[in-house]
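K.L.:
My structure file data.cif, mmCIF, C-alpha atoms and all ligand atoms, is below:
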```
data_entry
loop_
_atom_site.label_atom_id
_atom_site.label_comp_id
_atom_site.auth_asym_id
_atom_site.auth_seq_id
_atom_site.Cartn_x
_atom_site.Cartn_y
_atom_site.Cartn_z
CA MET A 1 18.53 -17.15 9.02
CA SER A 2 15.22 -17.88 7.38
CA ARG A 3 15.15 -19.43 3.95
CA SER A 4 12.83 -16.65 2.83
CA TYR A 5 15.76 -14.17 2.83
CA ARG A 6 17.15 -13.53 -0.64
CA TYR A 7 20.03 -11.23 -1.54
CA CYS A 8 20.61 -9.16 -4.64
CA ARG A 9 22.23 -6.01 -6.05
CA ILE A 10 19.50 -4.03 -7.73
CA ASP A 11 21.73 -1.43 -9.43
CA ARG A 12 24.29 -3.79 -10.94
CA GLU A 13 22.97 -3.08 -14.46
CA GLY A 14 22.08 0.56 -13.74
CA CYS A 15 18.69 1.81 -12.61
CA VAL A 16 16.19 -1.04 -12.79
CA HIS A 17 13.66 1.27 -14.44
CA CYS A 18 15.62 3.39 -16.92
CA GLY A 19 19.12 1.89 -17.00
CA CYS A 20 20.76 5.16 -15.97
CA ARG A 21 24.05 4.66 -14.12
CA ARG A 22 24.16 8.08 -12.51
CA PHE A 23 22.74 8.38 -9.02
CA GLU A 24 22.76 11.12 -6.44
CA GLN A 25 22.42 11.05 -2.69
CA GLU A 26 20.34 13.50 -0.69
CA ALA A 27 19.80 13.62 3.06
CA VAL A 28 16.08 13.09 3.67
CA ILE A 29 15.82 11.90 7.28
CA ASP A 30 15.50 15.14 9.25
CA ASP A 31 16.61 15.68 12.83
CA ARG A 32 13.09 15.53 14.25
CA LEU A 33 12.29 12.18 12.66
CA ALA A 34 15.68 10.72 13.61
CA ALA A 35 15.21 11.86 17.22
CA ALA A 36 11.64 10.55 17.55
CA TRP A 37 12.65 7.23 16.00
CA GLU A 38 15.81 7.16 18.16
CA LEU A 39 17.95 6.25 15.16
CA SER A 40 21.65 5.68 15.71
CA PRO A 41 23.93 7.51 13.23
CA ARG A 42 24.32 4.27 11.29
CA GLU A 43 20.57 3.61 11.18
CA ARG A 44 19.94 7.16 10.03
CA ARG A 45 22.52 6.69 7.26
CA TRP A 46 20.80 3.44 6.24
CA PHE A 47 17.44 5.18 5.88
CA ASP A 48 19.01 8.14 4.06
CA ARG A 49 20.54 5.75 1.55
CA ARG A 50 17.19 4.01 1.19
CA GLU A 51 15.07 7.14 0.79
CA GLY A 52 17.53 9.69 -0.60
CA HIS A 53 19.57 7.72 -3.17
CA PHE A 54 17.93 8.75 -6.45
CA CYS A 55 18.36 7.79 -10.09
CA ARG A 56 19.29 11.06 -11.78
CA ASP A 57 17.11 10.34 -14.81
CA CYS A 58 13.86 8.83 -13.49
CA ARG A 59 14.15 9.97 -9.85
CA MET A 60 13.35 6.55 -8.39
CA SER A 61 14.71 6.21 -4.87
CA ARG A 62 16.59 3.07 -3.89
CA ARG A 63 13.52 1.89 -1.97
CA VAL A 64 11.31 2.23 -5.06
CA ARG A 65 13.94 0.54 -7.26
CA MET A 66 14.03 -2.31 -4.73
CA LEU A 67 10.26 -2.60 -5.00
CA LEU A 68 10.31 -2.62 -8.80
CA TRP A 69 13.21 -5.09 -8.92
CA THR A 70 11.23 -7.46 -6.69
CA ILE A 71 8.00 -7.06 -8.65
CA ARG A 72 9.86 -7.99 -11.84
CA ARG A 73 11.49 -10.92 -10.09
CA VAL A 74 8.20 -12.47 -9.03
CA ARG A 75 5.75 -11.30 -11.74
CA SER A 76 6.19 -10.66 -15.41
CA GLY A 77 3.86 -9.90 -18.26
CA ALA A 78 2.11 -7.04 -19.95
CA ASP A 79 -1.48 -7.97 -19.18
CA LEU A 80 -1.61 -8.11 -15.40
CA GLU A 81 -4.41 -6.65 -13.30
CA ILE A 82 -2.48 -4.50 -10.83
CA LEU A 83 -3.70 -2.74 -7.69
CA HIS A 84 -1.38 0.14 -6.82
CA LEU A 85 -2.38 1.24 -3.33
CA ASN A 86 -1.60 4.79 -2.26
CA GLU A 87 0.21 5.35 -5.51
CA THR A 88 3.97 5.77 -5.35
CA ASN A 89 4.52 8.41 -8.05
CA ALA A 90 7.88 7.25 -9.34
CA LEU A 91 6.69 3.65 -9.66
CA ALA A 92 3.52 4.33 -11.67
CA PRO A 93 5.10 4.49 -15.19
CA ALA A 94 6.87 1.15 -14.66
CA LEU A 95 3.68 -0.61 -13.51
CA GLU A 96 1.74 0.76 -16.47
CA ARG A 97 4.00 -1.28 -18.76
CA MET A 98 2.98 -4.46 -16.94
CA GLY A 99 -0.77 -4.30 -17.35
CA ARG A 100 -3.91 -2.49 -16.29
CA VAL A 101 -3.27 -0.49 -13.14
CA THR A 102 -5.89 0.57 -10.59
CA PRO A 103 -4.30 3.38 -8.57
CA THR A 104 -5.69 4.43 -5.21
CA VAL A 105 -5.44 7.32 -2.78
CA TYR A 106 -6.84 7.60 0.74
CA ARG A 107 -8.90 10.71 1.33
CA PRO A 108 -11.17 9.98 4.32
CA ASP A 109 -12.85 13.37 3.91
CA ARG A 110 -14.26 12.22 0.55
CA PRO A 111 -16.64 9.29 -0.13
CA LEU A 112 -14.74 6.00 -0.09
CA GLY A 113 -15.10 3.68 -3.06
CA THR A 114 -15.56 6.63 -5.45
CA ARG A 115 -13.17 8.14 -7.97
CA ILE A 116 -11.04 11.22 -7.44
CA GLY A 117 -9.82 11.91 -10.96
CA ALA A 118 -7.84 8.88 -12.10
CA PHE A 119 -7.68 7.48 -8.57
CA HIS A 120 -9.97 5.26 -6.54
CA ASN A 121 -10.50 6.58 -3.02
CA GLU A 122 -9.85 3.49 -0.90
CA ASP A 123 -9.37 2.59 2.74
CA MET A 124 -6.95 -0.36 2.83
CA LEU A 125 -8.90 -1.83 5.75
CA ARG A 126 -12.09 -2.16 3.70
CA LEU A 127 -11.46 -2.09 -0.01
CA SER A 128 -14.45 -1.59 -2.28
CA PHE A 129 -13.22 -4.18 -4.82
CA GLY A 130 -14.69 -7.67 -5.15
CA ASP A 131 -12.80 -10.82 -4.22
CA GLY A 132 -10.13 -12.24 -6.52
CA ARG A 133 -9.74 -9.36 -8.92
CA PHE A 134 -6.00 -8.60 -9.10
CA ASP A 135 -2.87 -10.53 -10.10
CA LEU A 136 -0.59 -8.17 -8.21
CA ALA A 137 -1.01 -5.60 -5.43
CA VAL A 138 1.72 -3.11 -4.59
CA HIS A 139 2.08 -0.78 -1.62
CA SER A 140 4.99 1.08 -0.13
CA GLU A 141 5.46 2.69 3.29
CA THR A 142 1.76 2.43 4.13
CA LEU A 143 1.38 -0.24 6.81
CA GLU A 144 3.19 1.78 9.48
CA HIS A 145 0.41 4.37 9.31
CA LEU A 146 -2.45 1.89 9.89
CA ALA A 147 -3.77 0.85 13.29
CA ASP A 148 -4.57 -2.69 12.11
CA TYR A 149 -1.96 -3.49 9.48
CA GLU A 150 -2.64 -7.22 9.65
CA ARG A 151 -6.24 -6.61 8.66
CA ALA A 152 -5.02 -4.44 5.77
CA LEU A 153 -2.74 -7.24 4.54
CA ALA A 154 -5.63 -9.72 4.76
CA GLU A 155 -7.91 -7.30 2.91
CA VAL A 156 -5.37 -6.93 0.10
CA GLY A 157 -5.13 -10.73 0.03
CA ARG A 158 -8.91 -10.93 -0.39
CA VAL A 159 -8.88 -8.93 -3.62
CA LEU A 160 -6.02 -10.98 -5.12
CA LYS A 161 -6.72 -13.80 -7.55
CA PRO A 162 -5.69 -17.31 -6.47
CA GLY A 163 -1.91 -17.34 -6.90
CA GLY A 164 -1.83 -13.54 -6.72
CA LEU A 165 0.94 -11.75 -4.89
CA GLN A 166 1.33 -8.55 -2.92
CA VAL A 167 4.72 -6.88 -2.94
CA TYR A 168 5.46 -4.12 -0.47
CA THR A 169 7.98 -2.20 1.58
CA VAL A 170 7.90 -1.11 5.21
CA PRO A 171 10.44 0.88 7.22
CA LEU A 172 11.86 -1.68 9.64
CA LEU A 173 14.87 -2.22 11.87
CA PHE A 174 15.50 -5.93 12.44
CA SER A 175 17.54 -5.27 15.59
CA ARG A 176 14.52 -3.84 17.41
CA LYS A 177 11.13 -4.88 18.70
CA THR A 178 8.10 -3.32 17.08
CA ARG A 179 6.96 -0.23 18.96
CA ARG A 180 3.66 1.56 18.57
CA ARG A 181 3.45 5.33 18.73
CA MET A 182 -0.36 5.53 18.63
CA ARG A 183 -3.22 3.36 19.83
CA PRO A 184 -7.02 3.58 19.60
CA GLY A 185 -8.51 5.67 22.41
CA ALA A 186 -11.95 5.39 24.03
CA SER A 187 -13.54 7.08 21.01
CA GLY A 188 -11.90 4.59 18.65
CA ARG A 189 -9.72 7.32 17.15
CA LEU A 190 -5.96 6.86 17.21
CA GLU A 191 -4.25 8.77 19.99
CA PRO A 192 -0.52 9.23 20.57
CA CYS A 193 1.10 7.09 23.25
CA LEU A 194 4.53 8.51 22.29
CA PRO A 195 5.26 12.00 20.93
CA PRO A 196 3.91 12.29 17.35
CA SER A 197 6.24 11.35 14.49
CA HIS A 198 5.59 11.91 10.79
CA HIS A 199 7.07 10.70 7.52
CA GLY A 200 7.52 12.75 4.37
CA ALA A 201 5.65 16.02 4.21
CA GLY A 202 4.09 15.25 7.57
CA GLU A 203 0.61 14.35 6.46
CA PHE A 204 0.30 10.88 8.00
CA PRO A 205 1.43 10.15 11.56
CA VAL A 206 3.47 7.03 12.29
CA VAL A 207 1.52 4.38 14.21
CA TRP A 208 4.11 1.57 14.12
CA GLU A 209 7.90 1.48 14.18
CA PHE A 210 8.46 -2.04 12.91
CA GLY A 211 11.11 -4.38 14.28
CA GLY A 212 12.26 -7.94 13.66
CA ASP A 213 9.12 -9.44 15.22
CA PHE A 214 7.13 -8.19 12.18
CA ARG A 215 8.94 -10.80 10.09
CA ARG A 216 8.18 -13.55 12.61
CA GLU A 217 4.51 -12.56 12.93
CA ARG A 218 4.06 -12.68 9.16
CA ASP A 219 5.93 -15.96 8.88
CA GLY A 220 2.94 -17.92 7.57
CA ALA A 221 2.30 -15.37 4.82
CA ILE A 222 5.71 -14.15 3.67
CA GLU A 223 7.07 -15.89 0.61
CA ALA A 224 10.32 -14.00 0.41
CA LEU A 225 12.21 -10.91 1.47
CA TYR A 226 14.60 -9.60 -1.16
CA PHE A 227 17.44 -7.45 0.21
CA ASP A 228 19.64 -5.10 -1.77
CA ASN A 229 23.24 -5.38 -0.58
CA TYR A 230 22.21 -6.61 2.87
CA TRP A 231 25.69 -6.40 4.38
CA ARG A 232 25.86 -2.66 3.70
CA ASN A 233 22.28 -1.72 4.58
CA ARG A 234 19.64 -3.89 6.21
CA THR A 235 16.73 -1.52 5.57
CA VAL A 236 16.55 -1.87 1.77
CA PHE A 237 14.25 -4.81 1.15
CA ALA A 238 10.87 -5.70 -0.31
CA VAL A 239 8.40 -8.27 0.98
CA VAL A 240 6.44 -10.77 -1.11
CA GLU A 241 3.27 -12.33 0.29
CA ALA A 242 0.96 -14.79 -1.46
CA LYS A 243 -2.82 -14.67 -1.31
CA ALA A 244 -2.94 -17.64 1.00
CA GLY A 245 -0.56 -20.43 1.81
CA ARG A 246 2.70 -20.70 -0.02
CA ALA A 247 3.40 -20.58 -3.71
CA SER A 248 6.88 -20.75 -5.12
CA VAL A 249 8.47 -17.52 -6.30
ZN ZN A 301 16.15 5.50 -13.43
#
```
For this file, write the structure as C-alpha cells.
Ligand SMILES: [Zn+2]

P.N.:
Amino acid sequence: MSRSYRYCRIDREGCVHCGCRRFEQEAVIDDRLAAAWELSPRERRWFDRREGHFCRDCRMSRRVRMLLWTIRRVRSGADLEILHLNETNALAPALERMGRVTPTVYRPDRPLGTRIGAFHNEDMLRLSFGDGRFDLAVHSETLEHLADYERALAEVGRVLKPGGLQVYTVPLLFSRKTRRRMRPGASGRLEPCLPPSHHGAGEFPVVWEFGGDFRRERDGAIEALYFDNYWRNRTVFAVVEAKAGRASV
C-alpha cells in the first residue's frame, strides 16, 4: 500500500471541533441513491456512517470531522488565508478560527466573480482570484459534480501560495473503477450516460463515481490520504494535495 496512506482515529478525544463525546447515527443514503450507485449493504452502511454520524453538539458529520482533523494535522495558525469552496456549513466556524476565510458558492445563474452576500460566486474551473493568494483551500464532495475535476484541482492549485495545500474529500470506493454518469454532449452541456443520480437535496447531479484509479491518477499531486479507522470503514478519508510537487506534511 502506498506510503501516502495514513491512519488515525478522529474521535478518540471526542469531537474534533467541540470535544463533545455524544454522537448520533442517522440513515442518510436513501434507496434511490443506493440503487443508482449500486452500493452493497456494507458500502451503504459505510456511507451512512460517513454522512450520518453526527456530533450531537455541533452537528459535524464524520466526514466533516475527518476534513477538520486533517486540516489541523497539516496546517495550523490563526492568520491563514483560507479559500473555502462551496462552503460546508458545519465547517465554517472552525475555519474562521484559523484565519481569514473566503467562502464561495456556485450560482451559474448569477454573475461569476461577484459577491452574493458574504459569498463569492465562483466556478471552480475558472476562479476569479489571482495566482498565489491562499495558504489553504478546502472543498468537500464537490469534484464528483464537475465534468473536468482535474482542471478544477489545477485551478485551485493556481490560487495557492507556494507551499500551499488543498484539503478535500470525495465519495470514493477503492474496490471499484471510476465510472462516469454524465458526459459533455454535442452542445457542450453535460448529458446523462447513466440514469441521473443526485446527492443531498438533489440540486447537483453526480458526474463521477470515483474508484481506486482516482488515487493512482492523482499520484503525482497527492501528499497524503488520512483515513479514520480504515479497517472499519474505507470511505472516511481526506486528501491533501500540495500546490506543485511534493512538500512534507
Ligand atoms: Zn462537535

K.L.:
Residues at most 12 Å from ligand ZN 301 (chain A), using all atoms listed in the file? Could they come as a ChimeraX atom specification?

P.N.:
/A:10-11,13-24,53-62,64-66,68-69,90-91,93-94

K.L.:
For Asp219 (chain A), which of A:Ala242, A:Cys193, A:Val236, A:Val206 is the closest residue, counting only C-alpha atoms?

P.N.:
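Distance minimum relative to Asp219 (chain A) lands on A:Ala242.
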
K.L.:
Rounded to one decimal in Å, what is the spacing between CA of Ala35 (chain A) and CA of Ser140 (chain A)?

P.N.:
22.8 Å

K.L.:
Using all atoms listed in the file, find the one residue out of A:Leu136, A:Leu33, A:Met98, A:Leu125 that sits nearest to Glu150 (chain A).

P.N.:
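Of A:Leu136, A:Leu33, A:Met98, A:Leu125, the one nearest Glu150 (chain A) is A:Leu125, counting all atoms listed in the file.
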
K.L.:
Find the spatial neighbours of Val138 (chain A), counting only C-alpha atoms, within a cut-off of 9 Å - ignore same-chain residues fewer than 3 positions away - and output them as an MDAnalysis selection string.

P.N.:
chainID A and resid 67 71 82:87 165:169

K.L.:
Taking all atoms listed in the file into account, which of A:Leu160, A:Ala92, A:Ala118, A:Ala154 comes nearest Phe134 (chain A)?

P.N.:
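That would be A:Leu160, the residue with the smallest distance to Phe134 (chain A).
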
K.L.:
From the options A:Val28, A:Val74, A:Leu190, A:Leu39, which residue's atoms come nearest to Tyr226 (chain A), counting all atoms listed in the file?

P.N.:
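Using all atoms listed in the file, the shortest distance to Tyr226 (chain A) belongs to A:Val74.
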
K.L.:
Give the answer as one residue: which of A:Thr88, A:Pro41, A:Ala221, A:Asp228 has the shortest atom-to-atom distance to Leu153 (chain A), using only C-alpha atoms?

P.N.:
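Of A:Thr88, A:Pro41, A:Ala221, A:Asp228, the one nearest Leu153 (chain A), counting only C-alpha atoms, is A:Ala221.
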
K.L.:
Restricting the calculation to all atoms listed in the file, which member of A:Ser76, A:Thr114, A:Gln25, A:Thr70 is positioned closest to Phe227 (chain A)?

P.N.:
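Looking only at the distances to Phe227 (chain A), the closest residue turns out to be A:Thr70.
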
K.L.:
What does the distance between CA of Ile222 (chain A) and CA of Glu51 (chain A) come to in Å, to one decimal place?

P.N.:
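For CA of Ile222 (chain A) relative to CA of Glu51 (chain A), the distance reads 23.4 Å.
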
K.L.:
So which residues are close to (19.5, 6.1, 10.2), meaning at most 12 Å away in the file's coordinates with all atoms listed in the file counted, and can you show them as a ChimeraX atom specification?

P.N.:
/A:27-31,33-52,171-173,233-236

K.L.:
Just how far from CA of Ser128 (chain A) is CA of Glu223 (chain A), in Å to one decimal?

P.N.:
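Distance between the two atoms: 26.0 Å.
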
K.L.:
Residues at most 10 Å from Pro195 (chain A), counting all atoms listed in the file, excluding those fewer than 3 positions away in the same chain, as a PyMOL selection string?

P.N.:
chain A and resi 36+181-182+192

K.L.:
Residues around (-7.6, -0.7, -9.9), cut-off 8 Å, counting all atoms listed in the file - what are they as a compact mmCIF listing (two decimals) with C-alpha atoms, in the frame of the given file?

P.N.:
```txt
# COMPACT_ATOMS: atom_id res chain seq x y z
CA GLU A 81 -4.41 -6.65 -13.30
CA ILE A 82 -2.48 -4.50 -10.83
CA LEU A 83 -3.70 -2.74 -7.69
CA HIS A 84 -1.38 0.14 -6.82
CA ARG A 100 -3.91 -2.49 -16.29
CA VAL A 101 -3.27 -0.49 -13.14
CA THR A 102 -5.89 0.57 -10.59
CA PRO A 103 -4.30 3.38 -8.57
CA THR A 104 -5.69 4.43 -5.21
CA HIS A 120 -9.97 5.26 -6.54
```

K.L.:
Using all atoms listed in the file, determine which residues lie at most 8 Å from Arg180 (chain A), disregarding the query and same-chain residues fewer than 6 positions distant; provide the list as an NGL selection string.

P.N.:
:A and (193-194 or 207-209)
